[in-house]
Amino acid sequence: MAKKPKFQTPTGMHDILPEDQRYFQKIQNTCEDIANFYGFQKIETPILEEAELFSRGLGLATDVVQKQMFSFRTKGGDYLTLRPEQTASIARAYIEQGMQNLPQPVKFWHLGPFFRYEHPQSGRFRQFWQFGFEVLGEENSVLDAQIIQIFYNILRELKLKNLIIEVNSIGDSQCRPYYKKLLASYFKSREAALCSDCRRRLRENPLRILDCKEEKCQPVKAQAPQILDHLCETCHKHFREVLEFLDELELPYHLNPYLVRGLDYYTKTVFEIIEDSPDGKTLGTLAGGGRYDTLVKILGGKETPAVGGAGGMERIIQLMKTKAVRFPRERKVEVFLAQLGDLAKRKSLKLIEDFREAQILVGESLGRDSLKAQLKMADRIGARYSLILGQKEALEGTIIIRDMVSGRQEIVKLDKVVKETAKRLKK
RNA sequence: GUGGCUAUGGUGUAAUGGUAGCACUAGAGUUUGUGGAACUCUCAGUGGCAGUUCGAAUCUGCUUAGCCACCCCA
């Protein structure tokens, strides 16, 4: 006889079990509250999009596009991709739905699963959940600061501490090309001192060398020209304003001139929020984002300045767990209905509906026939009262109310039991 | 994509080539219409495929998954 096949979740993908649902729910509720306060509306876009939306939007040279997309051809011949991030889809929706004709800015939040083909490890999955906030149609630096504030608020609301906001500006189409050239020629003159990856980056995207953690590259990096010294007038002013707003908000930020994000659509402000853990272990970025003033145009829309970011739910949950963030039970059952005998079981079904109408949570274990086992269950879930409907009671039209603390029992008329139970619960 | 470590019931763990055992959990029960304790019984495992051997959880190879590092990011 053949062995039973053993199915398991695909690499890097997980079941989200009830105990984790509480955390997901908590994050979702927090996002929703904050979104309502700041005037963001929820949007959901398809999990599949045309592959080109991402390759054009995020940039062909990015890691996400080059090696992390789940793409496939449909029977009809379309080339689709499981979304690796949200921003490009929102920009697409903005263009497709003509949202430039709405009062600007347009503010959205979202929450859902995303997919990247990578080697999984802690805090890194092939299917992972993100929430995000995006503002389209506003170039003012005050929005950059407010987006950062929003993500900081959410993390704080989730009881996370020791948060550090890393910020940088990576310029725009005015100044970045010039800086890139400057940087490229600097690194080129010292190419021999760079690691092999960085020599490749030198050709593809010199900015990323700044992100390299290779020991070898550190001294070269340290002497490299810094973008902040080479921002154009506009970007410089914009960034200065952002920092002033952050000061005003008294947010704990750290200016990190090496912060370069992996997606090409970013302009000017970029940020990441990380946990400053004492033992030096990091989960990676909890939330990150920045300004993307050119994305809408790249995707074929009108020039539309925008800023936004996203948070990683699994990472946040992992951190919440280590900080022992707990939640009360979502369902407190105070009454348990135990039944004995065929007639009683039939009457129980209807009785449960009566309790539902009265909005009293009533637990049951209708599949169990032994009274003992049912009371054991009642005890386990912590019911205050048990209702016992046996053969005799069912025939007489009565039912027993048992106080699970004192053990006292009373017999009441079956048609009064909802009322009688409600009365006892109020005390 | 590259390298390192790991893998035993649902969970946590024993067994260094010779009967896969224990604890928890779960289910059923202990004068059959009454919970918490105790006790009894039951379900349930060597990730998968090969190889070495009289004999493999144990040794070897491959594979899968997890973890870690690189890379990158949420």
# chains A, B, ... in the order shown; residues from 1 in each chain; ligands from 1
$ interface_residues --of "chain A" --to "chain B" --cutoff "6 Å" --atoms "only C-alpha atoms (C1' of nucleotides)" --output "list in words"
Gly311, Gly312, Leu375, Lys376 and Asp379 of chain A
$ write_last_selection --atoms "N, CA and C atoms" --output "PDB file, in the first residue's frame"
ATOM      1  N   GLY A 311       4.072  48.658   6.643  1.00  0.00           N
ATOM      2  CA  GLY A 311       4.607  47.982   7.825  1.00  0.00           C
ATOM      3  C   GLY A 311       4.476  46.481   7.659  1.00  0.00           C
ATOM      4  N   GLY A 312       5.422  45.745   8.214  1.00  0.00           N
ATOM      5  CA  GLY A 312       5.424  44.284   8.084  1.00  0.00           C
ATOM      6  C   GLY A 312       4.762  43.631   9.283  1.00  0.00           C
ATOM      7  N   LEU A 375     -20.243  18.913  31.458  1.00  0.00           N
ATOM      8  CA  LEU A 375     -19.948  19.821  32.570  1.00  0.00           C
ATOM      9  C   LEU A 375     -18.452  20.097  32.671  1.00  0.00           C
ATOM     10  N   LYS A 376     -17.691  19.119  32.306  1.00  0.00           N
ATOM     11  CA  LYS A 376     -16.243  19.310  32.295  1.00  0.00           C
ATOM     12  C   LYS A 376     -15.877  20.414  31.307  1.00  0.00           C
ATOM     13  N   ASP A 379     -16.836  23.757  32.639  1.00  0.00           N
ATOM     14  CA  ASP A 379     -15.840  24.208  33.601  1.00  0.00           C
ATOM     15  C   ASP A 379     -14.602  24.749  32.891  1.00  0.00           C
TER      16      ASP A 379
END
$ select_by_dssp --residues "segment 318-358 of chain A" --states "strand (DSSP E)" --output "list in words"
Val335, Phe336, Leu337, Ala338 and Gln339 of chain A
$ write_last_selection --atoms "N, CA and C atoms" --output "PDB file, in the first residue's frame"
ATOM      1  N   VAL A 335     -22.488  31.162  29.920  1.00  0.00           N
ATOM      2  CA  VAL A 335     -23.528  30.160  30.112  1.00  0.00           C
ATOM      3  C   VAL A 335     -23.220  28.954  29.244  1.00  0.00           C
ATOM      4  N   PHE A 336     -23.407  27.775  29.812  1.00  0.00           N
ATOM      5  CA  PHE A 336     -23.170  26.557  29.051  1.00  0.00           C
ATOM      6  C   PHE A 336     -24.412  25.686  29.116  1.00  0.00           C
ATOM      7  N   LEU A 337     -24.794  25.182  27.955  1.00  0.00           N
ATOM      8  CA  LEU A 337     -25.984  24.344  27.892  1.00  0.00           C
ATOM      9  C   LEU A 337     -25.589  22.874  27.754  1.00  0.00           C
ATOM     10  N   ALA A 338     -25.976  22.079  28.758  1.00  0.00           N
ATOM     11  CA  ALA A 338     -25.709  20.641  28.698  1.00  0.00           C
ATOM     12  C   ALA A 338     -27.023  19.911  28.489  1.00  0.00           C
ATOM     13  N   GLN A 339     -26.980  18.883  27.657  1.00  0.00           N
ATOM     14  CA  GLN A 339     -28.238  18.178  27.357  1.00  0.00           C
ATOM     15  C   GLN A 339     -28.054  16.677  27.498  1.00  0.00           C
TER      16      GLN A 339
END
$ residues_around --residues "C43 of chain B" --least-positions-apart "5" --cutoff "12 Å" --atoms "only C-alpha atoms (C1' of nucleotides)" --output "list of chain:residue names"
B:G9, B:G10, B:U25, B:A26, B:G27, B:A28
$ residues_around --residues "A69 of chain B" --least-positions-apart "4" --cutoff "12 Å" --atoms "only C-alpha atoms (C1' of nucleotides)" --output "PyMOL selection string"
(chain A and resi 119+121) or (chain B and resi 2-5)
$ residues_around --residues "segment 233-239 of chain A" --least-positions-apart "2" --cutoff "7 Å" --atoms "only C-alpha atoms (C1' of nucleotides)" --output "MDAnalysis selection string"
chainID A and resid 141 169 171:172 231 241:243 268:269
$ write_last_selection --atoms "N, CA and C atoms" --output "PDB file, in the first residue's frame"
ATOM      1  N   SER A 141       6.143  68.932   2.152  1.00  0.00           N
ATOM      2  CA  SER A 141       6.963  68.109   3.040  1.00  0.00           C
ATOM      3  C   SER A 141       6.247  67.747   4.343  1.00  0.00           C
ATOM      4  N   SER A 169      17.417  61.551   2.582  1.00  0.00           N
ATOM      5  CA  SER A 169      16.836  62.019   1.330  1.00  0.00           C
ATOM      6  C   SER A 169      17.710  61.493   0.206  1.00  0.00           C
ATOM      7  N   GLY A 171      17.231  62.562  -2.957  1.00  0.00           N
ATOM      8  CA  GLY A 171      17.191  63.514  -4.068  1.00  0.00           C
ATOM      9  C   GLY A 171      16.122  63.217  -5.095  1.00  0.00           C
ATOM     10  N   ASP A 172      16.152  63.963  -6.179  1.00  0.00           N
ATOM     11  CA  ASP A 172      15.163  63.749  -7.238  1.00  0.00           C
ATOM     12  C   ASP A 172      15.861  63.723  -8.595  1.00  0.00           C
ATOM     13  N   LEU A 231      22.411  67.590  -2.613  1.00  0.00           N
ATOM     14  CA  LEU A 231      21.008  67.755  -2.996  1.00  0.00           C
ATOM     15  C   LEU A 231      20.822  69.086  -3.697  1.00  0.00           C
ATOM     16  N   GLU A 241      12.876  70.819   5.770  1.00  0.00           N
ATOM     17  CA  GLU A 241      11.524  70.988   6.319  1.00  0.00           C
ATOM     18  C   GLU A 241      11.033  69.712   7.005  1.00  0.00           C
ATOM     19  N   VAL A 242      11.279  68.578   6.332  1.00  0.00           N
ATOM     20  CA  VAL A 242      10.847  67.310   6.921  1.00  0.00           C
ATOM     21  C   VAL A 242      11.476  67.140   8.301  1.00  0.00           C
ATOM     22  N   LEU A 243      12.770  67.404   8.381  1.00  0.00           N
ATOM     23  CA  LEU A 243      13.467  67.243   9.666  1.00  0.00           C
ATOM     24  C   LEU A 243      12.919  68.215  10.711  1.00  0.00           C
ATOM     25  N   LYS A 268      13.464  61.945  -2.964  1.00  0.00           N
ATOM     26  CA  LYS A 268      13.543  62.756  -1.739  1.00  0.00           C
ATOM     27  C   LYS A 268      13.523  61.888  -0.470  1.00  0.00           C
ATOM     28  N   THR A 269      12.499  62.085   0.359  1.00  0.00           N
ATOM     29  CA  THR A 269      12.497  61.452   1.676  1.00  0.00           C
ATOM     30  C   THR A 269      12.360  59.930   1.623  1.00  0.00           C
TER      31      THR A 269
END
$ atom_distance --atom1 "atom CA of Gly77 of chain A" --atom2 "atom CA of Glu118 of chain A"
25.7 Å
